[in-house]
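Report on the following structure.
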Amino acid sequence: MNFQEVLNKSRPLVGPHCKACLICDGRACCNQIPGPGSKGSGRVATRNYEGWQDVFVKMDTIVPKGKIDTTLTLFGKTFKYPIFAGPVGAVAMHYSDLYSDQTFYKTLLAGAKKAGICAFTGDGMDPAIMIDACQEIKNQDGLGVPTIKPWPKEIVLEKLELVKNSKAFMVAMDIDAAGLPFLKSFTPPAGRKSVQELKEIIDASPVPFMLKGIMSEEGAIKALEAGAKAIVVSNHGGRVLDGTPSSASVLEKIAKVVDGKMKIFVDGGLRSGVDIFKALAMGADAVLVARPFVNAVYGAGEEGVEVLVETLGQELKDTMEMCGASDLASIDKTMITR
């Protein structure tokens with residue numbers, strides 16, 4: 001099975017909003033929420049995709065021939081590719097009730113593990129979502145990254161206990177979820193956090209802590225001050241704020257300020273192994289891909305996840321071979337142009 005066949009199977013199953021497009025660029029689902037679209041004008045998701053298309057790779061095959069190594073080691077774990085399945089929540093509402101969040105994460109985590117990578121799980125108003133996700137991560141030998149919403153501190157600390165019991169090797173907080181309506185109306189207040197508030201949370205974390213939703217040099221510096229071990233350069237797929245730049249357009253500046261002091265992931269519109277190569281050349285250590293994994297799960301379950309991972313991974317490997325890179329560490333900004 002190839003990924004086109006997975007998409008064909010997914011198309012009638014993902015509800016009226018997602019069209020299971022061959023290239024998921026945010027156009028067909030523009031401003032459709034519920035659904036996978038982005039907020040307001042709906043342009044941010046499309047801008048994310050286009051941001052990677054404005055960067056080009058430089059071919060160079062006059063290099064010694066040798067094995068191409070795509071493996072990534074992160075916080076004691078080794079992965080086949082620097083590709084992670086990003087967190088997606090409320091799939092029954094945004095796609096279709098073929099899956100609940102719990103059954104979706106179970107399938108995604110298992111498929112990702114089989115493919116040699118790792119998936120992020122989400123969080124929501126129902127505490128059972130996080131409880132079940134952490135249990136499933138434990139079932140997968142800790143190969144999963146629980147993602148906590150920016151709840152009040154006492155709730156985050158309770159969820160960190162779930163993370164500890166899950167044996168997860170890393171935990172994330174999508175700090176940009178402060179823009180989601182259900183968080184804005186939450187009592188006690190949830191959402192934005194000061195550096196000091198984040199520091200107290202991160203100090204209590206049993207595993208390395210990642211902040212997802214960093215879109216500026218200033219934000220990256222604050223993440224460092226708070227003690228984060230990793231960040232995700234992300235605008236939440238355009239779902240929390242209209243009018244933001246693409247993640248591709250800010251990645252290099254953020255990588256320069258971070259200067260190797262923490263790991264950098266990036267998401268938003270990455271749809272091929274060539275795009276992933278560009279992201280690594282621009283300073284990312286790894287990438288998150290989210291929406292296409294929904295189609296992978298709905299179309300063919302665990303097998304769909306494996307097909308998508310192998311498709312992206314082989315495209316990355318081919319690009320490395322054609323651009324003179326032998327391993328991830330050898331990919332740098334001299335291999336791309338604009």
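Here, A, B, ... name the chains of the structure tokens in the order displayed, residue numbers run from 1 inside each chain, and ligands are numbered from 1 in the same displayed order.
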
Using DSSP on the backbone coordinates, identify the residues of region 161-221 of chain A assigned to strand (DSSP E); present them as a PyMOL selection string. chain A and resi 171-174+209-214

How would the residues just chosen look if you wrote them out with all heavy atoms as an mmCIF file, in the first residue's frame?
data_model
loop_
_atom_site.group_PDB
_atom_site.id
_atom_site.type_symbol
_atom_site.label_atom_id
_atom_site.label_comp_id
_atom_site.auth_asym_id
_atom_site.auth_seq_id
_atom_site.Cartn_x
_atom_site.Cartn_y
_atom_site.Cartn_z
ATOM 1 N N VAL A 171 7.926 15.203 28.045
ATOM 2 C CA VAL A 171 6.558 15.731 28.126
ATOM 3 C C VAL A 171 6.540 17.095 27.455
ATOM 4 O O VAL A 171 7.556 17.801 27.421
ATOM 5 C CB VAL A 171 6.080 15.832 29.596
ATOM 6 C CG1 VAL A 171 6.933 16.822 30.395
ATOM 7 C CG2 VAL A 171 4.608 16.213 29.672
ATOM 8 N N ALA A 172 5.394 17.466 26.899
ATOM 9 C CA ALA A 172 5.274 18.758 26.224
ATOM 10 C C ALA A 172 4.089 19.540 26.778
ATOM 11 O O ALA A 172 3.154 18.961 27.331
ATOM 12 C CB ALA A 172 5.088 18.549 24.717
ATOM 13 N N MET A 173 4.152 20.856 26.631
ATOM 14 C CA MET A 173 3.003 21.728 26.884
ATOM 15 C C MET A 173 2.819 22.605 25.662
ATOM 16 O O MET A 173 3.755 23.295 25.244
ATOM 17 C CB MET A 173 3.214 22.616 28.110
ATOM 18 C CG MET A 173 2.087 23.634 28.318
ATOM 19 S SD MET A 173 2.340 24.733 29.731
ATOM 20 C CE MET A 173 1.899 23.630 31.079
ATOM 21 N N ASP A 174 1.621 22.557 25.060
ATOM 22 C CA ASP A 174 1.371 23.451 23.926
ATOM 23 C C ASP A 174 0.882 24.792 24.488
ATOM 24 O O ASP A 174 -0.308 25.057 24.580
ATOM 25 C CB ASP A 174 0.413 22.844 22.895
ATOM 26 C CG ASP A 174 -0.870 22.296 23.476
ATOM 27 O OD1 ASP A 174 -0.943 22.103 24.699
ATOM 28 O OD2 ASP A 174 -1.817 22.071 22.704
ATOM 29 N N PHE A 209 11.276 18.640 29.591
ATOM 30 C CA PHE A 209 10.042 19.385 29.313
ATOM 31 C C PHE A 209 10.198 20.193 28.035
ATOM 32 O O PHE A 209 11.173 20.929 27.853
ATOM 33 C CB PHE A 209 9.746 20.323 30.489
ATOM 34 C CG PHE A 209 8.316 20.783 30.576
ATOM 35 C CD1 PHE A 209 7.422 20.168 31.443
ATOM 36 C CD2 PHE A 209 7.854 21.857 29.809
ATOM 37 C CE1 PHE A 209 6.103 20.595 31.552
ATOM 38 C CE2 PHE A 209 6.543 22.292 29.892
ATOM 39 C CZ PHE A 209 5.668 21.659 30.769
ATOM 40 N N MET A 210 9.207 20.061 27.146
ATOM 41 C CA MET A 210 9.196 20.777 25.868
ATOM 42 C C MET A 210 8.066 21.794 25.862
ATOM 43 O O MET A 210 6.957 21.511 26.320
ATOM 44 C CB MET A 210 8.990 19.774 24.730
ATOM 45 C CG MET A 210 8.597 20.388 23.391
ATOM 46 S SD MET A 210 8.250 19.119 22.132
ATOM 47 C CE MET A 210 9.911 18.781 21.560
ATOM 48 N N LEU A 211 8.351 22.985 25.332
ATOM 49 C CA LEU A 211 7.317 24.003 25.148
ATOM 50 C C LEU A 211 6.997 24.122 23.668
ATOM 51 O O LEU A 211 7.867 24.445 22.856
ATOM 52 C CB LEU A 211 7.789 25.358 25.692
ATOM 53 C CG LEU A 211 7.720 25.536 27.207
ATOM 54 C CD1 LEU A 211 8.350 26.857 27.624
ATOM 55 C CD2 LEU A 211 6.282 25.467 27.711
ATOM 56 N N LYS A 212 5.756 23.867 23.335
ATOM 57 C CA LYS A 212 5.298 23.910 21.943
ATOM 58 C C LYS A 212 4.517 25.202 21.718
ATOM 59 O O LYS A 212 3.638 25.546 22.499
ATOM 60 C CB LYS A 212 4.413 22.700 21.653
ATOM 61 C CG LYS A 212 3.852 22.646 20.244
ATOM 62 C CD LYS A 212 3.050 21.373 20.050
ATOM 63 C CE LYS A 212 2.424 21.310 18.667
ATOM 64 N NZ LYS A 212 1.347 22.308 18.494
ATOM 65 N N GLY A 213 4.868 25.910 20.630
ATOM 66 C CA GLY A 213 4.176 27.149 20.325
ATOM 67 C C GLY A 213 5.078 28.362 20.395
ATOM 68 O O GLY A 213 4.630 29.477 20.660
ATOM 69 N N ILE A 214 6.375 28.172 20.136
ATOM 70 C CA ILE A 214 7.347 29.272 20.150
ATOM 71 C C ILE A 214 7.468 29.823 18.730
ATOM 72 O O ILE A 214 7.768 29.083 17.794
ATOM 73 C CB ILE A 214 8.718 28.797 20.663
ATOM 74 C CG1 ILE A 214 8.589 28.147 22.047
ATOM 75 C CG2 ILE A 214 9.719 29.952 20.681
ATOM 76 C CD1 ILE A 214 8.030 29.054 23.123
#

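For region 107-111 of chain A, the residues within 8 Å (counting only C-alpha atoms, excluding itself and residues fewer than 3 positions away along the chain) are Thr103, Phe104, Lys114, Ala115, Cys118, Ala119, Phe120, Glu136, Ile137, Gln140, Leu143, Gly144, Phe293, Val297, Gly301, Glu302, Glu303, Gly304, Val305 and Glu306 of chain A.
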
Could you build a table of the residues in region 226-265 of chain A lying no more than 12 Å from region 77-92 of chain A, giving for each the nearest pair of atoms and their separation in Å rounded to one decimal place, using only C-alpha atoms, ordered by chain and ascending residue number, as a Markdown table?
| residue | atom | partner | partner_atom | distance |
| --- | --- | --- | --- | --- |
| A:Val232 | CA | A:Gly86 | CA | 10.4 |
| A:Ser234 | CA | A:Gly86 | CA | 10.9 |
| A:His236 | CA | A:Pro87 | CA | 10.1 |
| A:Gly237 | CA | A:Val88 | CA | 10.7 |
| A:Arg239 | CA | A:Val88 | CA | 11.7 |
| A:Lys263 | CA | A:Pro82 | CA | 11.9 |
| A:Ile264 | CA | A:Pro82 | CA | 11.2 |
| A:Phe265 | CA | A:Phe84 | CA | 9.3 |

Generate the output file for the selected residues, all heavy atoms, as a PDB file, in the first residue's frame.
ATOM      1  N   VAL A 232       9.046  23.590  20.353  1.00  0.00           N
ATOM      2  CA  VAL A 232       8.521  23.378  19.004  1.00  0.00           C
ATOM      3  C   VAL A 232       8.199  24.741  18.423  1.00  0.00           C
ATOM      4  O   VAL A 232       7.385  25.489  18.982  1.00  0.00           O
ATOM      5  CB  VAL A 232       7.239  22.511  18.993  1.00  0.00           C
ATOM      6  CG1 VAL A 232       6.822  22.227  17.547  1.00  0.00           C
ATOM      7  CG2 VAL A 232       7.443  21.212  19.747  1.00  0.00           C
ATOM      8  N   SER A 234       6.119  26.650  16.333  1.00  0.00           N
ATOM      9  CA  SER A 234       4.783  26.258  15.871  1.00  0.00           C
ATOM     10  C   SER A 234       3.790  27.384  16.089  1.00  0.00           C
ATOM     11  O   SER A 234       3.837  28.066  17.114  1.00  0.00           O
ATOM     12  CB  SER A 234       4.320  25.018  16.656  1.00  0.00           C
ATOM     13  OG  SER A 234       2.965  24.716  16.386  1.00  0.00           O
ATOM     14  N   HIS A 236       0.526  26.471  15.876  1.00  0.00           N
ATOM     15  CA  HIS A 236      -0.649  25.621  16.119  1.00  0.00           C
ATOM     16  C   HIS A 236      -1.457  25.420  14.836  1.00  0.00           C
ATOM     17  O   HIS A 236      -2.687  25.321  14.859  1.00  0.00           O
ATOM     18  CB  HIS A 236      -1.533  26.249  17.208  1.00  0.00           C
ATOM     19  CG  HIS A 236      -2.203  25.250  18.101  1.00  0.00           C
ATOM     20  ND1 HIS A 236      -1.725  24.893  19.330  1.00  0.00           N
ATOM     21  CD2 HIS A 236      -3.341  24.519  17.952  1.00  0.00           C
ATOM     22  CE1 HIS A 236      -2.524  24.008  19.901  1.00  0.00           C
ATOM     23  NE2 HIS A 236      -3.506  23.755  19.071  1.00  0.00           N
ATOM     24  N   GLY A 237      -0.765  25.401  13.719  1.00  0.00           N
ATOM     25  CA  GLY A 237      -1.447  25.204  12.440  1.00  0.00           C
ATOM     26  C   GLY A 237      -2.405  26.318  12.082  1.00  0.00           C
ATOM     27  O   GLY A 237      -3.312  26.142  11.257  1.00  0.00           O
ATOM     28  N   ARG A 239      -4.577  27.605  14.090  1.00  0.00           N
ATOM     29  CA  ARG A 239      -5.878  27.361  14.712  1.00  0.00           C
ATOM     30  C   ARG A 239      -6.135  28.224  15.947  1.00  0.00           C
ATOM     31  O   ARG A 239      -7.239  28.204  16.492  1.00  0.00           O
ATOM     32  CB  ARG A 239      -6.011  25.883  15.065  1.00  0.00           C
ATOM     33  CG  ARG A 239      -6.053  25.018  13.814  1.00  0.00           C
ATOM     34  CD  ARG A 239      -6.039  23.539  14.130  1.00  0.00           C
ATOM     35  NE  ARG A 239      -7.248  23.084  14.785  1.00  0.00           N
ATOM     36  CZ  ARG A 239      -8.406  22.845  14.179  1.00  0.00           C
ATOM     37  NH1 ARG A 239      -8.528  23.061  12.873  1.00  0.00           N
ATOM     38  NH2 ARG A 239      -9.443  22.399  14.850  1.00  0.00           N
ATOM     39  N   LYS A 263      16.857  21.506  22.399  1.00  0.00           N
ATOM     40  CA  LYS A 263      16.468  20.882  21.138  1.00  0.00           C
ATOM     41  C   LYS A 263      15.355  21.688  20.486  1.00  0.00           C
ATOM     42  O   LYS A 263      14.475  22.232  21.164  1.00  0.00           O
ATOM     43  CB  LYS A 263      15.990  19.450  21.373  1.00  0.00           C
ATOM     44  CG  LYS A 263      17.069  18.539  21.943  1.00  0.00           C
ATOM     45  CD  LYS A 263      18.220  18.380  20.973  1.00  0.00           C
ATOM     46  CE  LYS A 263      19.290  17.445  21.514  1.00  0.00           C
ATOM     47  NZ  LYS A 263      20.439  17.323  20.576  1.00  0.00           N
ATOM     48  N   ILE A 264      15.394  21.739  19.148  1.00  0.00           N
ATOM     49  CA  ILE A 264      14.390  22.496  18.397  1.00  0.00           C
ATOM     50  C   ILE A 264      13.629  21.567  17.464  1.00  0.00           C
ATOM     51  O   ILE A 264      14.212  20.896  16.616  1.00  0.00           O
ATOM     52  CB  ILE A 264      15.036  23.625  17.576  1.00  0.00           C
ATOM     53  CG1 ILE A 264      15.773  24.615  18.480  1.00  0.00           C
ATOM     54  CG2 ILE A 264      13.984  24.338  16.729  1.00  0.00           C
ATOM     55  CD1 ILE A 264      16.522  25.685  17.721  1.00  0.00           C
ATOM     56  N   PHE A 265      12.307  21.521  17.648  1.00  0.00           N
ATOM     57  CA  PHE A 265      11.411  20.863  16.713  1.00  0.00           C
ATOM     58  C   PHE A 265      10.671  21.967  15.957  1.00  0.00           C
ATOM     59  O   PHE A 265      10.606  23.106  16.408  1.00  0.00           O
ATOM     60  CB  PHE A 265      10.375  20.006  17.441  1.00  0.00           C
ATOM     61  CG  PHE A 265      10.899  18.714  18.012  1.00  0.00           C
ATOM     62  CD1 PHE A 265      12.099  18.661  18.699  1.00  0.00           C
ATOM     63  CD2 PHE A 265      10.169  17.555  17.880  1.00  0.00           C
ATOM     64  CE1 PHE A 265      12.567  17.475  19.237  1.00  0.00           C
ATOM     65  CE2 PHE A 265      10.622  16.356  18.418  1.00  0.00           C
ATOM     66  CZ  PHE A 265      11.824  16.314  19.094  1.00  0.00           C
TER      67      PHE A 265
END

Which of these, A:Val294, A:Ala223, A:Ala112, A:Ala329, has the shortest distance to Arg11 (chain A) once you count only C-alpha atoms? A:Val294

May I ask which of the residues A:Val233, A:Ala279, A:Val207, A:Val240 is the closest one to Ala177 (chain A), counting only C-alpha atoms? A:Val240

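The interatomic distance for the pair CA of Lys229 (chain A) and CA of Ala168 (chain A) works out to 14.8 Å.
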
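Closest approach to Val307 (chain A) among A:Met335, A:Asn139, A:Gly116, A:Phe56 is made by A:Gly116 (distances from only C-alpha atoms).
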
Quick check for you: according to DSSP on this backbone, which residues of region 63-198 of chain A are classed as helix (DSSP H, G or I)? Reply as a ChimeraX atom specification. /A:91-94,101-115,127-139,153-166,175-179,181-184,195-198

Have a look at A:Ile175, A:Ala128, A:Val14, A:Leu251 and name the one nearest to Ile148 (chain A); count only C-alpha atoms. A:Ile175

With only C-alpha atoms as the counted atoms, please give the residues lying no more than 12 Å from Ile68 (chain A), apart from itself and same-chain residues fewer than 3 positions off, as number ranges by chain. A: 64-65, 71, 80-81, 313-314, 316-331

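CA of Thr244 (chain A) sits 24.6 Å away from CA of Thr121 (chain A).
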
I want to know what sits within 7 Å of Gly179 (chain A), based on only C-alpha atoms, with residues of the same chain fewer than 3 positions away left out; could you give that as a PDB file with C-alpha atoms, in the first residue's frame?
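What ended up in part.pdb:
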ATOM      1  CA  ASP A 176      -0.008  28.426  22.360  1.00  0.00           C
ATOM      2  CA  LYS A 184     -10.133  31.040  27.765  1.00  0.00           C
ATOM      3  CA  VAL A 240      -5.317  29.781  17.599  1.00  0.00           C
ATOM      4  CA  LEU A 241      -4.447  33.086  15.896  1.00  0.00           C
TER       5      LEU A 241
END

If you count only C-alpha atoms, the residue of A:Lys167, A:Lys19, A:Lys58, A:Arg192 closest to Thr334 (chain A) turns out to be A:Lys58

Residue contacts of Ala190 (chain A) (7 Å, only C-alpha atoms) excluding same-chain residues fewer than 4 positions away, as a PDB file with N, CA and C atoms, in the first residue's frame:
ATOM      1  N   PRO A 150      -2.060  24.319  28.808  1.00  0.00           N
ATOM      2  CA  PRO A 150      -1.588  25.233  29.864  1.00  0.00           C
ATOM      3  C   PRO A 150      -2.656  25.516  30.921  1.00  0.00           C
ATOM      4  N   TRP A 151      -3.030  24.444  31.645  1.00  0.00           N
ATOM      5  CA  TRP A 151      -3.986  24.556  32.731  1.00  0.00           C
ATOM      6  C   TRP A 151      -3.367  25.308  33.916  1.00  0.00           C
ATOM      7  N   PRO A 152      -4.179  25.615  34.927  1.00  0.00           N
ATOM      8  CA  PRO A 152      -3.609  26.142  36.165  1.00  0.00           C
ATOM      9  C   PRO A 152      -2.576  25.159  36.734  1.00  0.00           C
ATOM     10  N   LEU A 183     -10.124  26.983  26.791  1.00  0.00           N
ATOM     11  CA  LEU A 183      -9.163  27.370  27.818  1.00  0.00           C
ATOM     12  C   LEU A 183      -9.430  28.789  28.309  1.00  0.00           C
ATOM     13  N   LYS A 184      -9.858  29.650  27.387  1.00  0.00           N
ATOM     14  CA  LYS A 184     -10.133  31.040  27.765  1.00  0.00           C
ATOM     15  C   LYS A 184     -11.259  31.133  28.790  1.00  0.00           C
ATOM     16  N   PHE A 186     -12.012  28.760  30.988  1.00  0.00           N
ATOM     17  CA  PHE A 186     -11.802  27.810  32.069  1.00  0.00           C
ATOM     18  C   PHE A 186     -11.687  28.516  33.417  1.00  0.00           C
TER      19      PHE A 186
END

Near Ile131 (chain A), within 8 Å and counting only C-alpha atoms, which residues show up once chain neighbours fewer than 4 positions away are dropped, as a list in words? Pro127, Gln135 and Leu162 of chain A

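Nearest residue to Ser246 (chain A), choosing from A:Met170, A:Leu22, A:Val6, A:Met215 and counting only C-alpha atoms: A:Met215.
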